[in-house]
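*Asks:* I'd like to ask some things about the structure below.
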Amino acid sequence: MLKNVIYVGQMNCNGVVYQGKHPSIINREIFDKAQLAFLKVDKSKVRKNFDFLYPGILKCGVCGYSFCGERQKKNNIYYRCSHYDRSCPNMVYLSEKELTQSFRMHLKRIGLNEDIYELIKLSLQICLGDEQTFHKEETSRINSEIEECKEILKKMYLDQLNNVLEYDLWVNLKNEYEVKLNRLSAELQKHNSANTNYLDTGLKILDLCHRASLPAIELKAEEVAQIIREVYLSAMVKNKKVKVIFREPFATIEKLIKLAKQGIAEIGLAEFKQNIISSWGSGLEHTKKEPEGSDFNSSICFKWWRLGDSNS
Ligand SMILES: [Zn+2]
């Protein structure tokens, strides 16, 4: 209420202030002082949020309220449950350093080492290769149809000029072909953006997982905070422990990494890789008919591959 100039006898119209015809009900001096006070409040709020690395990410594992940051002696930042009357029994204080440390530990769960990075790339190529081929084929088909349309339009125009084609008929045909041309262009655009979407998303995910695997000296606290914000679904604090659940597709990647590590330990990298390739080659249709618990279904490589498939 105290922000509105209407109380000092003015009017605000689309950001421009006019002198109104009504009398003011608040003294101008008081009004200006109030504006200054608002400015100060707003400034300190912004400043606070900029200073903390993990605002709004953590929740209390006991009462569900947010954990908020607090500046303490020697400029150290601590996080605690923000329960308004402090009745929550979760009295844990976590320093920002401790938080960064445990987030780093959690990021290792989706960190890709060289072998697994290659495996995921291979898996993506196998799973999405068909889709890319489809877009490529459609794009070249549409392009040749567009060329054909343009040729016909050119030829019809010349025919009309040379009086081979009646004017009215030419106008009708021309409209028809122009509508077709518009439709083809729209289709082409759709395929092009599908291609880049797939690439952008895939690369961004791989990049995040790669950064998550960097050693602590190469991963600054600010970067840990940035990655966590992009990959987390929930983060809870209970008994001084931080529990993190990842959102998709990172939750699936976490499972894939676990299975791949287990599989590589059991049969070795080369065979594991080979099994991924051949499990695709033998075809999804066949495997659907396999009875539950058969050799193929229980193969760790197959499970690894299927996990990625069902979530893509
Ligand atoms: Zn609490």
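Residue numbering restarts at 1 for every chain of the structure tokens, chains are lettered A, B, ... in their displayed order, and ligands are numbered from 1 as they appear.
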Applying 7 Å and only C-alpha atoms, which residues near stretch 70-86 of chain A remain after dropping the ones on its own chain fewer than 5 positions away? List them as a PyMOL selection string.
*Replies:* chain A and resi 60+65+92-96
*Asks:* For the residues in the current selection, export C-alpha atoms as a PDB file, in the first residue's frame.
*Replies:*
```
ATOM      1  CA  CYS A  60      14.693 -31.114   6.635  1.00  0.00           C
ATOM      2  CA  TYR A  65      10.770 -27.509   6.023  1.00  0.00           C
ATOM      3  CA  VAL A  92      21.684 -30.149  12.939  1.00  0.00           C
ATOM      4  CA  TYR A  93      23.882 -27.308  11.703  1.00  0.00           C
ATOM      5  CA  LEU A  94      25.791 -28.060   8.510  1.00  0.00           C
ATOM      6  CA  SER A  95      28.548 -25.789   7.276  1.00  0.00           C
ATOM      7  CA  GLU A  96      28.614 -24.897   3.598  1.00  0.00           C
TER       8      GLU A  96
END
```
*Asks:* As a list in words, please: all residues of stretch 55-176 of chain A that backbone DSSP puts in strand (DSSP E or B).
*Replies:* Leu58, Lys59, Cys60, Ser66, Phe67, Cys68, Gly69, Glu70, Arg71, Ile77, Tyr78, Tyr79, Arg80, Cys81, Leu94 and Ser95 of chain A
*Asks:* Write the residues you've just listed into a file as a PDB file, in the first residue's frame, and include C-alpha atoms for each of them.
*Replies:*
```pdb
ATOM      1  CA  LEU A  58      17.850 -28.826   1.064  1.00  0.00           C
ATOM      2  CA  LYS A  59      14.826 -29.994   3.027  1.00  0.00           C
ATOM      3  CA  CYS A  60      14.693 -31.114   6.635  1.00  0.00           C
ATOM      4  CA  SER A  66      13.575 -25.931   4.005  1.00  0.00           C
ATOM      5  CA  PHE A  67      17.099 -25.711   5.328  1.00  0.00           C
ATOM      6  CA  CYS A  68      18.199 -22.096   5.188  1.00  0.00           C
ATOM      7  CA  GLY A  69      21.620 -20.527   5.200  1.00  0.00           C
ATOM      8  CA  GLU A  70      22.870 -18.369   8.068  1.00  0.00           C
ATOM      9  CA  ARG A  71      26.002 -16.275   8.289  1.00  0.00           C
ATOM     10  CA  ILE A  77      27.890 -20.085   6.477  1.00  0.00           C
ATOM     11  CA  TYR A  78      25.783 -22.714   8.194  1.00  0.00           C
ATOM     12  CA  TYR A  79      22.499 -24.335   7.148  1.00  0.00           C
ATOM     13  CA  ARG A  80      19.728 -25.328   9.558  1.00  0.00           C
ATOM     14  CA  CYS A  81      16.052 -26.316   9.578  1.00  0.00           C
ATOM     15  CA  LEU A  94      25.791 -28.060   8.510  1.00  0.00           C
ATOM     16  CA  SER A  95      28.548 -25.789   7.276  1.00  0.00           C
TER      17      SER A  95
END
```
*Asks:* Using only C-alpha atoms, which residues sit within 7 Å of A:Leu112 once same-chain residues fewer than 4 positions away are excluded, as a list in words?
*Replies:*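 Neighbouring residues, sequence-local ones excluded: Ile116, Tyr117, Cys209, His210 and Ser213 of chain A.
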*Asks:* Kindly indicate which residue among A:Ala270, A:Ala186, A:Ala221, A:Leu153 lies nearest to A:Leu173, using only C-alpha atoms for the distances.
*Replies:*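 Smallest distance to A:Leu173 is found for A:Leu153.
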*Asks:* To one decimal place in Å, what is the distance between atom CA of A:Arg141 and atom CA of A:Gln160?
*Replies:* 28.8 Å
*Asks:* Which of these residues is nearest to ligand 1, using only C-alpha atoms and all ligand atoms: A:Lys238, A:Ala194, A:Asp200, A:Gly111?
*Replies:* A:Lys238
*Asks:* Pick the closest to ligand 1 from A:Ser102, A:Ser123, A:Gln132, A:Ser87: which is it, counting only C-alpha atoms and all ligand atoms?
*Replies:*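 Of the candidates, the smallest distance to ligand 1 is held by A:Ser87.
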*Asks:* Just how far from atom CA of A:Asn239 is atom CA of A:Ile253, in Å to one decimal?
*Replies:* 27.7 Å
*Asks:* Using only C-alpha atoms, which protein or nucleic acid residues come within 8 Å of A:Val242? Drop anything in the same chain fewer than 6 positions from it, and give the result as a PDB file with C-alpha atoms, in the first residue's frame.
*Replies:*
```pdb
ATOM      1  CA  LEU A  99      27.598 -29.611   2.319  1.00  0.00           C
ATOM      2  CA  SER A 102      28.767 -34.432   0.658  1.00  0.00           C
ATOM      3  CA  PHE A 103      27.328 -33.113  -2.625  1.00  0.00           C
ATOM      4  CA  ALA A 235      17.986 -33.337  -1.050  1.00  0.00           C
ATOM      5  CA  MET A 236      17.265 -34.078   2.626  1.00  0.00           C
TER       6      MET A 236
END
```
*Asks:* Find the residues around A:Lys150 up to 9 Å (only C-alpha atoms counted), leave out those fewer than 3 positions away in its own chain, and share them as a tab-separated table (two decimals) with N, CA and C atoms, in the first residue's frame.
*Replies:*
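Once written, out.tsv looks like this:
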```tsv
chain	number	residue	atom	x	y	z
A	145	GLU	N	11.30	-33.16	-52.76
A	145	GLU	CA	9.92	-32.77	-53.10
A	145	GLU	C	9.80	-31.25	-53.25
A	146	ILE	N	10.52	-30.54	-52.41
A	146	ILE	CA	10.51	-29.07	-52.49
A	146	ILE	C	11.10	-28.62	-53.83
A	147	GLU	N	12.21	-29.23	-54.21
A	147	GLU	CA	12.84	-28.89	-55.49
A	147	GLU	C	11.89	-29.14	-56.65
A	153	LEU	N	6.41	-25.09	-60.53
A	153	LEU	CA	5.92	-23.70	-60.48
A	153	LEU	C	6.59	-22.84	-61.57
A	154	LYS	N	7.88	-23.06	-61.72
A	154	LYS	CA	8.63	-22.29	-62.74
A	154	LYS	C	8.11	-22.61	-64.14
A	155	LYS	N	7.93	-23.92	-64.37
A	155	LYS	CA	7.49	-24.38	-65.69
A	155	LYS	C	6.08	-23.85	-66.00
A	177	TYR	N	0.14	-25.54	-55.43
A	177	TYR	CA	1.55	-25.89	-55.24
A	177	TYR	C	2.20	-25.04	-54.15
A	178	GLU	N	1.72	-23.82	-54.02
A	178	GLU	CA	2.30	-22.97	-52.97
A	178	GLU	C	1.90	-23.46	-51.57
A	181	LEU	N	4.08	-26.37	-50.87
A	181	LEU	CA	5.44	-25.92	-50.57
A	181	LEU	C	5.55	-25.45	-49.11
```
*Asks:* Once DSSP has gone over the backbone, tell me which residues of stretch 62-269 of chain A are in helix (DSSP H, G or I), as a PyMOL selection string.
*Replies:* chain A and resi 73-75+96-110+114-161+167-212+216-218+221-231+250-267+269
*Asks:* What does the distance between atom CA of A:Leu269 and atom CA of A:Asp115 come to in Å, to one decimal place?
*Replies:* 7.9 Å
